[in-house]
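**Student:** Structure: structure.cif, mmCIF, C-alpha atoms and all ligand atoms.
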```
data_target
#
loop_
_atom_site.label_atom_id
_atom_site.label_comp_id
_atom_site.auth_asym_id
_atom_site.auth_seq_id
_atom_site.Cartn_x
_atom_site.Cartn_y
_atom_site.Cartn_z
CA MET A 1 23.09 -20.39 -18.72
CA THR A 2 22.42 -17.53 -21.11
CA ALA A 3 25.04 -14.80 -21.27
CA ALA A 4 23.52 -11.54 -20.08
CA ILE A 5 22.67 -12.22 -16.47
CA SER A 6 23.11 -9.72 -13.68
CA ALA A 7 25.62 -9.83 -10.85
CA LEU A 8 22.80 -10.80 -8.49
CA GLU A 9 21.81 -13.69 -10.74
CA ARG A 10 25.42 -14.85 -10.96
CA ALA A 11 25.59 -14.74 -7.18
CA ALA A 12 22.44 -16.86 -6.89
CA GLN A 13 23.86 -19.34 -9.39
CA ALA A 14 27.15 -19.55 -7.50
CA GLY A 15 25.37 -19.82 -4.14
CA PHE A 16 23.27 -22.67 -5.47
CA ALA A 17 26.31 -24.53 -6.78
CA SER A 18 28.22 -24.16 -3.52
CA ARG A 19 25.31 -25.33 -1.31
CA PHE A 20 24.11 -28.19 -3.49
CA ASP A 21 27.27 -29.28 -5.36
CA HIS A 22 25.69 -29.09 -8.81
CA GLY A 23 24.21 -26.47 -11.14
CA ALA A 24 20.68 -25.03 -11.12
CA MET A 25 18.07 -25.75 -13.79
CA GLY A 26 17.29 -22.10 -14.12
CA LEU A 27 16.98 -18.65 -12.58
CA TRP A 28 13.77 -16.78 -11.85
CA SER A 29 13.36 -13.37 -10.23
CA ALA A 30 10.69 -11.04 -8.92
CA PRO A 31 10.83 -7.41 -7.76
CA GLY A 32 9.89 -5.56 -4.60
CA ARG A 33 7.26 -2.85 -4.92
CA VAL A 34 6.27 0.60 -3.81
CA ASN A 35 2.71 1.72 -3.74
CA LEU A 36 2.12 5.02 -5.52
CA ILE A 37 -1.27 5.44 -3.85
CA GLY A 38 -4.11 3.32 -2.40
CA GLU A 39 -3.11 2.23 1.10
CA HIS A 40 -4.98 -0.42 3.11
CA THR A 41 -7.59 -0.42 0.36
CA ASP A 42 -6.68 -3.89 -0.95
CA TYR A 43 -8.31 -5.92 1.83
CA ASN A 44 -11.35 -3.63 1.59
CA ASP A 45 -11.96 -4.85 -1.99
CA GLY A 46 -10.80 -1.44 -3.22
CA PHE A 47 -8.26 0.02 -5.66
CA VAL A 48 -4.46 0.16 -5.51
CA LEU A 49 -1.80 1.65 -7.77
CA PRO A 50 1.59 0.07 -7.01
CA LEU A 51 4.69 -0.34 -9.15
CA ALA A 52 7.32 -3.05 -9.26
CA ILE A 53 10.78 -1.60 -8.54
CA ASP A 54 14.29 -2.26 -9.81
CA ARG A 55 15.27 -4.27 -6.73
CA ARG A 56 14.81 -8.01 -7.14
CA THR A 57 14.88 -11.38 -5.44
CA VAL A 58 16.46 -14.13 -7.52
CA VAL A 59 15.95 -17.85 -7.06
CA ALA A 60 18.13 -20.55 -8.58
CA LEU A 61 16.25 -23.83 -8.63
CA ALA A 62 16.60 -27.47 -9.69
CA THR A 63 14.12 -30.29 -9.28
CA ARG A 64 15.12 -33.57 -7.59
CA ASN A 65 14.24 -37.17 -8.25
CA ASP A 66 12.61 -37.62 -4.85
CA ARG A 67 10.17 -35.82 -2.51
CA ILE A 68 12.75 -33.72 -0.65
CA ILE A 69 12.78 -29.90 -0.68
CA ARG A 70 15.99 -28.12 0.33
CA VAL A 71 16.00 -24.36 0.76
CA ALA A 72 19.07 -22.15 1.16
CA SER A 73 19.81 -18.45 0.84
CA SER A 74 22.51 -15.81 0.96
CA PHE A 75 21.09 -14.44 4.23
CA ALA A 76 20.97 -17.62 6.33
CA SER A 77 23.73 -20.14 6.88
CA GLU A 78 21.43 -23.12 7.37
CA THR A 79 19.88 -25.22 4.62
CA VAL A 80 16.30 -26.16 5.53
CA GLU A 81 15.14 -29.58 4.47
CA VAL A 82 11.56 -30.82 4.45
CA SER A 83 9.63 -33.52 2.60
CA LEU A 84 6.78 -32.60 0.28
CA ASP A 85 4.72 -34.99 2.42
CA GLU A 86 5.27 -32.83 5.53
CA LEU A 87 4.41 -29.55 3.86
CA VAL A 88 1.71 -28.14 6.15
CA PRO A 89 1.58 -24.56 7.49
CA GLU A 90 2.10 -25.69 11.12
CA ASN A 91 5.51 -27.17 10.24
CA LEU A 92 6.90 -24.00 8.67
CA ASP A 93 8.63 -21.08 10.33
CA GLY A 94 11.52 -18.64 9.90
CA TRP A 95 12.45 -17.20 6.49
CA SER A 96 12.04 -20.58 4.76
CA ALA A 97 8.30 -20.39 5.55
CA TYR A 98 8.01 -17.99 2.58
CA PRO A 99 9.28 -20.33 -0.17
CA LEU A 100 7.91 -23.45 1.51
CA GLY A 101 4.59 -21.70 2.12
CA VAL A 102 4.34 -20.95 -1.58
CA ALA A 103 4.93 -24.62 -2.43
CA TRP A 104 2.14 -25.56 0.02
CA ALA A 105 -0.18 -22.81 -1.29
CA LEU A 106 0.27 -24.00 -4.90
CA GLY A 107 -1.28 -27.25 -3.67
CA GLN A 108 -4.31 -25.25 -2.49
CA PHE A 109 -4.66 -23.79 -5.99
CA GLY A 110 -4.66 -27.06 -7.89
CA ALA A 111 -1.09 -28.38 -7.96
CA ASP A 112 -1.07 -32.11 -7.16
CA LEU A 113 1.60 -32.13 -4.49
CA SER A 114 1.54 -35.94 -4.37
CA ALA A 115 2.79 -36.05 -7.96
CA VAL A 116 5.37 -33.23 -8.26
CA PRO A 117 9.10 -33.68 -7.66
CA GLY A 118 11.03 -32.19 -4.77
CA PHE A 119 13.48 -29.38 -5.46
CA GLU A 120 16.47 -27.42 -4.28
CA ILE A 121 16.36 -23.66 -4.21
CA TYR A 122 18.83 -20.90 -3.41
CA VAL A 123 17.66 -17.31 -2.82
CA ASP A 124 19.57 -14.05 -3.19
CA SER A 125 18.10 -10.56 -3.12
CA ASN A 126 18.77 -6.84 -3.21
CA VAL A 127 15.29 -5.85 -1.97
CA PRO A 128 15.85 -4.23 1.43
CA VAL A 129 14.15 -6.20 4.22
CA GLY A 130 11.84 -4.33 6.60
CA ALA A 131 11.73 -1.16 4.50
CA GLY A 132 8.13 -1.61 3.43
CA LEU A 133 9.23 -2.53 -0.10
CA SER A 134 7.73 -6.04 0.02
CA SER A 135 10.81 -8.21 0.18
CA SER A 136 8.46 -11.01 1.23
CA ALA A 137 6.22 -10.64 -1.84
CA ALA A 138 9.33 -10.58 -4.05
CA LEU A 139 10.44 -13.89 -2.55
CA GLU A 140 6.98 -15.44 -2.77
CA SER A 141 6.51 -14.32 -6.37
CA ALA A 142 9.94 -15.51 -7.53
CA VAL A 143 9.31 -18.95 -6.01
CA ALA A 144 5.77 -19.04 -7.41
CA VAL A 145 6.84 -18.40 -11.01
CA ALA A 146 9.73 -20.85 -10.69
CA LEU A 147 7.59 -23.71 -9.36
CA ASN A 148 4.80 -22.86 -11.79
CA ASP A 149 7.33 -23.45 -14.59
CA VAL A 150 9.19 -26.53 -13.34
CA TRP A 151 6.03 -28.24 -12.08
CA GLY A 152 4.26 -27.39 -15.38
CA LEU A 153 1.24 -25.88 -13.56
CA LYS A 154 0.28 -23.19 -16.11
CA LEU A 155 -1.33 -20.98 -13.46
CA ASP A 156 -1.87 -17.38 -14.56
CA ARG A 157 -0.22 -14.46 -12.80
CA LEU A 158 -3.24 -13.36 -10.79
CA THR A 159 -3.61 -16.88 -9.46
CA LEU A 160 0.08 -16.85 -8.54
CA ALA A 161 -0.54 -13.56 -6.69
CA ARG A 162 -3.30 -15.28 -4.69
CA VAL A 163 -0.90 -18.16 -3.99
CA GLY A 164 1.65 -15.72 -2.53
CA GLN A 165 -1.04 -13.98 -0.49
CA LEU A 166 -2.28 -17.30 0.90
CA ALA A 167 1.27 -18.25 1.89
CA GLU A 168 1.65 -14.90 3.65
CA ASN A 169 -1.74 -15.16 5.40
CA ARG A 170 -1.66 -18.80 6.47
CA VAL A 171 1.98 -19.70 6.82
CA VAL A 172 3.58 -16.42 7.85
CA GLY A 173 0.44 -15.32 9.70
CA ALA A 174 0.19 -11.75 8.35
CA PRO A 175 -3.42 -10.81 7.41
CA THR A 176 -2.31 -8.85 4.34
CA GLY A 177 -4.14 -8.16 1.07
CA ILE A 178 -3.16 -8.95 -2.50
CA MET A 179 -1.45 -5.73 -3.55
CA ASP A 180 2.19 -6.64 -3.00
CA GLN A 181 2.18 -9.94 -4.88
CA SER A 182 0.14 -8.40 -7.73
CA ALA A 183 2.68 -5.61 -8.16
CA SER A 184 5.57 -8.07 -8.07
CA LEU A 185 3.95 -10.30 -10.71
CA LEU A 186 2.24 -7.76 -12.98
CA GLY A 187 4.56 -4.71 -12.86
CA ARG A 188 5.92 -3.15 -16.04
CA THR A 189 8.83 -0.84 -16.78
CA ASP A 190 7.87 2.81 -16.25
CA ALA A 191 4.29 1.95 -15.34
CA VAL A 192 1.96 1.44 -12.39
CA VAL A 193 -0.49 -1.44 -11.94
CA PHE A 194 -4.08 -0.29 -11.46
CA LEU A 195 -5.71 -3.19 -9.67
CA ASP A 196 -9.33 -3.61 -8.67
CA CYS A 197 -8.89 -5.86 -5.64
CA ARG A 198 -12.48 -7.15 -5.87
CA SER A 199 -12.59 -8.28 -9.49
CA LEU A 200 -8.80 -8.64 -9.72
CA SER A 201 -8.90 -6.87 -13.05
CA ALA A 202 -5.55 -5.19 -13.61
CA GLU A 203 -4.47 -2.49 -16.01
CA VAL A 204 -0.96 -1.21 -16.63
CA ILE A 205 -0.86 2.61 -16.72
CA PRO A 206 2.22 4.45 -18.05
CA LEU A 207 3.91 6.58 -15.40
CA GLY A 208 6.17 8.76 -17.57
CA LEU A 209 8.50 9.98 -14.82
CA ASN A 210 11.50 10.46 -17.08
CA PRO A 211 9.84 12.70 -19.70
CA ALA A 212 8.36 14.76 -16.85
CA GLY A 213 11.82 15.24 -15.30
CA LEU A 214 10.76 13.49 -12.10
CA GLU A 215 12.18 10.75 -9.91
CA LEU A 216 10.60 8.56 -7.27
CA LEU A 217 12.77 8.95 -4.19
CA ILE A 218 12.46 6.35 -1.43
CA ILE A 219 13.11 7.42 2.14
CA ASP A 220 13.51 4.25 4.22
CA THR A 221 13.14 5.46 7.80
CA ARG A 222 14.61 2.21 9.15
CA VAL A 223 11.81 2.20 11.69
CA SER A 224 10.77 -1.43 11.77
CA HIS A 225 7.25 -2.62 11.25
CA SER A 226 5.58 -6.00 11.58
CA HIS A 227 2.36 -6.87 9.85
CA ALA A 228 1.87 -10.18 11.59
CA THR A 229 0.74 -8.52 14.79
CA GLY A 230 -0.58 -5.29 16.15
CA GLY A 231 -1.64 -2.26 14.21
CA TYR A 232 -2.16 -3.75 10.77
CA ALA A 233 -4.57 -6.41 12.03
CA ALA A 234 -6.34 -3.85 14.24
CA ARG A 235 -6.92 -1.55 11.25
CA ARG A 236 -8.26 -4.43 9.24
CA ALA A 237 -10.66 -5.33 12.06
CA SER A 238 -11.89 -1.70 12.29
CA CYS A 239 -12.58 -1.67 8.57
CA GLU A 240 -14.55 -4.90 8.79
CA ALA A 241 -16.53 -3.59 11.76
CA GLY A 242 -17.26 -0.34 9.87
CA ALA A 243 -18.47 -2.22 6.78
CA HIS A 244 -20.66 -4.44 8.98
CA THR A 245 -22.33 -1.49 10.71
CA MET A 246 -22.85 0.25 7.38
CA GLY A 247 -24.45 -2.90 5.97
CA VAL A 248 -22.07 -3.39 3.04
CA PRO A 249 -19.88 -6.40 2.16
CA ALA A 250 -16.74 -4.23 2.10
CA LEU A 251 -15.81 -0.55 2.43
CA ARG A 252 -15.30 -0.56 -1.33
CA ASP A 253 -19.08 -0.35 -1.53
CA LEU A 254 -19.19 3.10 0.12
CA SER A 255 -18.54 6.40 -1.65
CA VAL A 256 -17.77 9.84 -0.28
CA ASP A 257 -21.52 10.55 -0.44
CA ASP A 258 -22.03 7.88 2.25
CA LEU A 259 -19.68 9.57 4.72
CA PRO A 260 -22.31 11.72 6.51
CA ARG A 261 -24.35 8.57 7.23
CA ALA A 262 -21.19 6.77 8.36
CA GLN A 263 -20.39 9.62 10.73
CA ALA A 264 -23.87 9.38 12.24
CA LEU A 265 -23.66 5.60 12.73
CA LEU A 266 -20.05 4.94 13.74
CA ASP A 267 -17.92 5.88 16.72
CA ASP A 268 -15.37 8.59 15.93
CA GLU A 269 -12.37 6.27 15.57
CA THR A 270 -14.13 3.75 13.31
CA PHE A 271 -15.54 6.63 11.27
CA ARG A 272 -12.07 8.04 10.65
CA ARG A 273 -10.79 4.59 9.63
CA VAL A 274 -13.70 4.31 7.19
CA ARG A 275 -13.19 7.84 5.88
CA HIS A 276 -9.58 7.03 5.06
CA ILE A 277 -10.53 3.98 3.00
CA VAL A 278 -13.39 5.70 1.19
CA THR A 279 -11.39 8.82 0.31
CA GLU A 280 -8.28 6.78 -0.53
CA ASN A 281 -10.22 4.68 -3.04
CA GLN A 282 -11.40 7.91 -4.64
CA ARG A 283 -7.83 9.25 -4.69
CA VAL A 284 -6.66 6.14 -6.56
CA LEU A 285 -9.33 6.72 -9.20
CA ASP A 286 -8.42 10.42 -9.36
CA THR A 287 -4.72 9.56 -9.69
CA VAL A 288 -5.41 7.20 -12.59
CA GLN A 289 -7.48 9.87 -14.31
CA THR A 290 -4.81 12.51 -13.66
CA LEU A 291 -1.99 10.28 -14.96
CA ARG A 292 -3.96 9.68 -18.14
CA GLY A 293 -5.09 13.26 -18.63
CA SER A 294 -2.27 15.45 -17.35
CA GLY A 295 0.64 13.17 -16.49
CA CYS A 296 2.56 12.40 -13.32
CA ALA A 297 3.58 16.01 -12.65
CA ALA A 298 -0.04 16.69 -11.67
CA ILE A 299 -0.50 14.01 -8.97
CA GLY A 300 1.44 15.69 -6.15
CA ALA A 301 -1.60 17.02 -4.28
CA LEU A 302 -3.19 13.55 -4.30
CA LEU A 303 -0.06 12.03 -2.72
CA ASP A 304 -0.04 14.75 -0.06
CA ALA A 305 -3.73 14.23 0.72
CA SER A 306 -3.15 10.47 1.00
CA HIS A 307 -0.43 11.04 3.58
CA ARG A 308 -2.60 13.37 5.66
CA SER A 309 -5.39 10.81 5.61
CA MET A 310 -3.07 8.05 6.84
CA ARG A 311 -1.58 10.31 9.48
CA ASP A 312 -4.81 11.77 10.86
CA ASP A 313 -7.63 9.34 10.01
CA PHE A 314 -6.04 5.90 9.71
CA GLU A 315 -3.24 6.73 12.18
CA ILE A 316 -0.61 4.46 10.69
CA SER A 317 2.17 6.99 10.21
CA ALA A 318 5.14 7.51 12.51
CA PRO A 319 7.06 10.66 13.52
CA GLU A 320 9.92 9.65 11.22
CA LEU A 321 7.56 9.21 8.25
CA ASP A 322 5.88 12.55 8.91
CA LEU A 323 9.25 14.28 9.13
CA ALA A 324 10.40 12.62 5.90
CA VAL A 325 7.28 13.81 4.08
CA VAL A 326 7.28 17.38 5.42
CA THR A 327 11.01 17.83 4.82
CA ALA A 328 10.94 16.38 1.31
CA ARG A 329 8.07 18.70 0.36
CA ALA A 330 9.80 21.75 1.81
CA ALA A 331 12.99 20.90 -0.12
CA GLY A 332 11.22 20.68 -3.48
CA ALA A 333 9.41 17.35 -3.82
CA ILE A 334 6.07 17.93 -5.57
CA GLY A 335 4.22 15.30 -3.51
CA ALA A 336 5.12 12.84 -0.76
CA ARG A 337 3.50 10.15 1.34
CA MET A 338 4.30 7.13 3.46
CA THR A 339 3.93 3.92 1.48
CA GLY A 340 3.01 0.38 2.50
CA GLY A 341 1.45 -0.93 5.68
CA GLY A 342 2.70 1.87 7.93
CA PHE A 343 3.99 2.07 11.52
CA GLY A 344 7.46 2.53 10.01
CA GLY A 345 9.00 1.54 6.71
CA ALA A 346 9.38 3.98 3.84
CA ALA A 347 8.01 7.20 2.37
CA ILE A 348 8.04 8.16 -1.29
CA ALA A 349 8.78 11.65 -2.57
CA LEU A 350 8.01 12.58 -6.18
CA THR A 351 10.95 14.85 -6.84
CA PRO A 352 12.24 16.90 -9.79
CA THR A 353 15.43 15.17 -10.94
CA GLU A 354 17.65 18.18 -10.31
CA LEU A 355 16.35 18.52 -6.74
CA VAL A 356 17.00 14.92 -5.65
CA PRO A 357 20.36 15.75 -3.99
CA ALA A 358 18.83 18.73 -2.15
CA VAL A 359 15.89 16.67 -0.89
CA GLN A 360 18.22 13.88 0.24
CA ALA A 361 20.45 16.35 2.09
CA ALA A 362 17.49 18.06 3.74
CA VAL A 363 15.99 14.78 4.95
CA LEU A 364 19.33 13.55 6.32
CA ALA A 365 19.83 16.86 8.15
CA ALA A 366 16.31 16.88 9.59
CA PHE A 367 16.64 13.29 10.87
CA ALA A 368 19.96 14.16 12.51
CA THR A 369 18.46 17.24 14.15
CA HIS A 370 15.59 15.19 15.56
CA GLY A 371 17.93 12.47 16.82
CA PHE A 372 16.35 9.86 14.52
CA ALA A 373 18.36 6.98 13.02
CA THR A 374 19.95 7.81 9.66
CA PRO A 375 17.46 6.99 6.91
CA ASP A 376 18.38 5.25 3.67
CA LEU A 377 17.54 7.33 0.58
CA PHE A 378 17.53 6.02 -2.96
CA VAL A 379 15.76 6.46 -6.27
CA VAL A 380 13.74 3.58 -7.73
CA HIS A 381 12.44 2.98 -11.24
CA ALA A 382 9.33 1.07 -12.22
CA ALA A 383 10.46 -2.33 -13.45
CA ASP A 384 9.05 -5.51 -14.97
CA GLY A 385 7.37 -8.06 -12.73
CA ALA A 386 8.52 -11.63 -12.13
CA THR A 387 10.55 -13.23 -14.93
CA HIS A 388 12.20 -16.48 -15.90
CA ASP A 389 15.70 -15.13 -16.38
CA ALA A 390 17.78 -18.02 -17.62
CA ASP A 391 17.91 -21.77 -18.22
CA GLY A 392 20.81 -23.87 -17.12
CA GLU A 393 22.01 -27.42 -17.30
CA HIS A 394 21.19 -29.56 -14.31
C1 LIG B 401 1.07 -4.22 3.32
C2 LIG B 401 0.19 -5.39 2.88
C3 LIG B 401 -0.65 -5.03 1.66
C4 LIG B 401 -1.40 -3.72 1.88
C5 LIG B 401 -0.46 -2.65 2.41
C6 LIG B 401 -1.20 -1.39 2.78
O1 LIG B 401 2.01 -3.94 2.33
O2 LIG B 401 1.02 -6.50 2.56
O3 LIG B 401 -1.52 -6.08 1.36
O4 LIG B 401 -2.50 -3.93 2.72
O5 LIG B 401 0.27 -3.08 3.55
O6 LIG B 401 -1.72 -0.79 1.66
#
```
Spit out the file's structure as structure tokens when you get a sec.
Ligand code: GLA

**Tutor:**
Amino acid sequence: MTAAISALERAAQAGFASRFDHGAMGLWSAPGRVNLIGEHTDYNDGFVLPLAIDRRTVVALATRNDRIIRVASSFASETVEVSLDELVPENLDGWSAYPLGVAWALGQFGADLSAVPGFEIYVDSNVPVGAGLSSSAALESAVAVALNDVWGLKLDRLTLARVGQLAENRVVGAPTGIMDQSASLLGRTDAVVFLDCRSLSAEVIPLGLNPAGLELLIIDTRVSHSHATGGYAARRASCEAGAHTMGVPALRDLSVDDLPRAQALLDDETFRRVRHIVTENQRVLDTVQTLRGSGCAAIGALLDASHRSMRDDFEISAPELDLAVVTARAAGAIGARMTGGGFGGAAIALTPTELVPAVQAAVLAAFATHGFATPDLFVVHAADGATHDADGEH
């Protein structure tokens, strides 16, 4: 292996060797993400502005001479074994459904699964699970780039994002959009990914937090969320119903000028769901323009407006998220919002560097006063997307 690998990569390498009794062919990794702005817009063909973060999932992998796949990880004691010939969504469950689902989904995007070799894979990660930071997309993307390399598929990154999304939709059963995998595959250090989820055209926009004296503080409320059931799917259904009544293929096709007509045609709840998507798409465009023209210190009001829209119109916030946002703002953050699918998970607070300790202390105190579980607070930096980190001898 090459010299300069991280402790996490060394752990993945060692884990691989201890489970499979030989060395890995290589190491690949992919990051979690936070979304700066543009929530629930992805499956409405709209705009998103996420960043890859400096928390990663590493896979150590080696191909085999037969059709067997064996999957192991630092967070499960069992090693799951399946044949490439049995790789259908109905056979997959538990955490191994993510890597195995990606292998299956690659077959749906052109890989000839009857001709590729089996493999062994070991997963390690420091992306927190259940925090709304896309630990699942990190895992899917790391496996996707690894198999793309060792199977010689030459699929581009946007196709790999669609592979991860298909695995999530079909195998895991969560009706999610393409934002998380795109961020994990296309992210860049100190930048956000501006993605048009209809055309899948992506642009990397510099964020410039450091020169502006700002940090992106994550407040993980530890309130759990599940996208496979419940609220997420219900919101998606409302959006589709709203688009149908308005006579457009997707809510992306409406602008703020269409809102009076939407209000006249839709019931109050569906209207508010639609208003969130329409205004949120506009806020993404405004944020991009503001980042380019004035820099990140000027986007605070857009983050705040996004949170209000999710709290009041889309109704996907939670008391813990609202408290995190209000408290962070009162303690000096210049903008704050919940991030991700909602119903729990994390908030982000754009915070002047010197005020990070004060904001952290204020949020911890407020959660204690309200009797909420202790949140996890940490700063993240925008990082590079999925990478092939090292080669090794088999
Ligand atoms: C989850 C989904 C994404 C996106 C966000 C909300 O993270 O995986 O596709 O819909 O929620 O913006």

**Student:** Report as a tab-separated table the residues of chain A within 6 Å of ligand LIG 401 (chain B), each with its shortest atom pair and distance in Å (one decimal), using only C-alpha atoms and all ligand atoms, ordered by chain and increasing residue number.

**Tutor:**
```
residue	atom	partner	partner_atom	distance
A:Glu39	CA	B:LIG401	O6	3.4
A:His40	CA	B:LIG401	O6	3.6
A:Asp42	CA	B:LIG401	O4	5.6
A:Thr176	CA	B:LIG401	O3	4.1
A:Gly177	CA	B:LIG401	O3	3.4
A:Ile178	CA	B:LIG401	O3	5.1
A:Met179	CA	B:LIG401	O3	4.9
A:Asp180	CA	B:LIG401	O2	5.7
A:Gly340	CA	B:LIG401	O1	4.4
A:Gly341	CA	B:LIG401	O5	3.2
```

**Student:** State, in Å with one decimal place, the distance from atom CA of A:Val278 to atom CA of A:Ala183.

**Tutor:**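 About the pair atom CA of A:Val278 and atom CA of A:Ala183: they are 21.8 Å apart.
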
**Student:** Please provide the set of residues having any atom within 6 Å of stretch 308-321 of chain A, restricted to only C-alpha atoms, with same-chain residues fewer than 3 positions apart removed, written as a list of chain:residue names.

**Tutor:**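 The neighbour list is A:Arg272, A:Arg273, A:His276, A:Ala305, A:Ala324, A:Gly342, A:Phe343.
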
**Student:** If we count all atoms listed in the file, what is near A:Thr221 at a cut-off of 9 Å, once residues fewer than 4 positions away on the same chain are taken out, given as a PDB file with C-alpha atoms, in the coordinates of the input?

**Tutor:**
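File produced: selection_3.pdb:
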```pdb
ATOM      1  CA  ALA A 131      11.730  -1.160   4.500  1.00  0.00           C
ATOM      2  CA  GLU A 320       9.920   9.650  11.220  1.00  0.00           C
ATOM      3  CA  LEU A 321       7.560   9.210   8.250  1.00  0.00           C
ATOM      4  CA  ALA A 324      10.400  12.620   5.900  1.00  0.00           C
ATOM      5  CA  GLY A 344       7.460   2.530  10.010  1.00  0.00           C
ATOM      6  CA  GLY A 345       9.000   1.540   6.710  1.00  0.00           C
ATOM      7  CA  ALA A 346       9.380   3.980   3.840  1.00  0.00           C
ATOM      8  CA  ALA A 347       8.010   7.200   2.370  1.00  0.00           C
ATOM      9  CA  PHE A 372      16.350   9.860  14.520  1.00  0.00           C
ATOM     10  CA  ALA A 373      18.360   6.980  13.020  1.00  0.00           C
ATOM     11  CA  THR A 374      19.950   7.810   9.660  1.00  0.00           C
ATOM     12  CA  PRO A 375      17.460   6.990   6.910  1.00  0.00           C
ATOM     13  CA  ASP A 376      18.380   5.250   3.670  1.00  0.00           C
ATOM     14  CA  LEU A 377      17.540   7.330   0.580  1.00  0.00           C
TER      15      LEU A 377
END
```

**Student:** Determine the nearest neighbour of A:Leu147 from the options A:Leu355, A:Val59, A:Leu133, A:Ala174, counting only C-alpha atoms.

**Tutor:**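 Answer, going by the shortest atom-to-atom distance: A:Val59.
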
**Student:** Restricting the calculation to all atoms listed in the file: of A:Ser141, A:Asn91, A:Ser73, A:Gln181, which residue gets closest to A:Ser125?

**Tutor:**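 The closest residue to A:Ser125 is A:Ser73.
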
**Student:** Using only C-alpha atoms, what residues lie at most 12 Å away from (7.4, 9.2, -19.0) (file coordinates), given as a list in words?

**Tutor:** Thr189, Asp190, Ala191, Val192, Ile205, Pro206, Leu207, Gly208, Leu209, Asn210, Pro211, Ala212, Gly213, Leu214, Glu215, Leu291, Arg292, Ser294, Gly295, Cys296, Ala297, His381 and Ala382 of chain A

**Student:** Give me the box for stretch 282-295 of chain A as AutoDock Vina command-line options, namely the centre and edge lengths in Å to one decimal of a box along x, y and z that holds every listed atom plus 6 Å on each side.

**Tutor:**
```
--center_x -5.4 --center_y 10.8 --center_z -11.6 --size_x 24.0 --size_y 21.3 --size_z 26.0
```
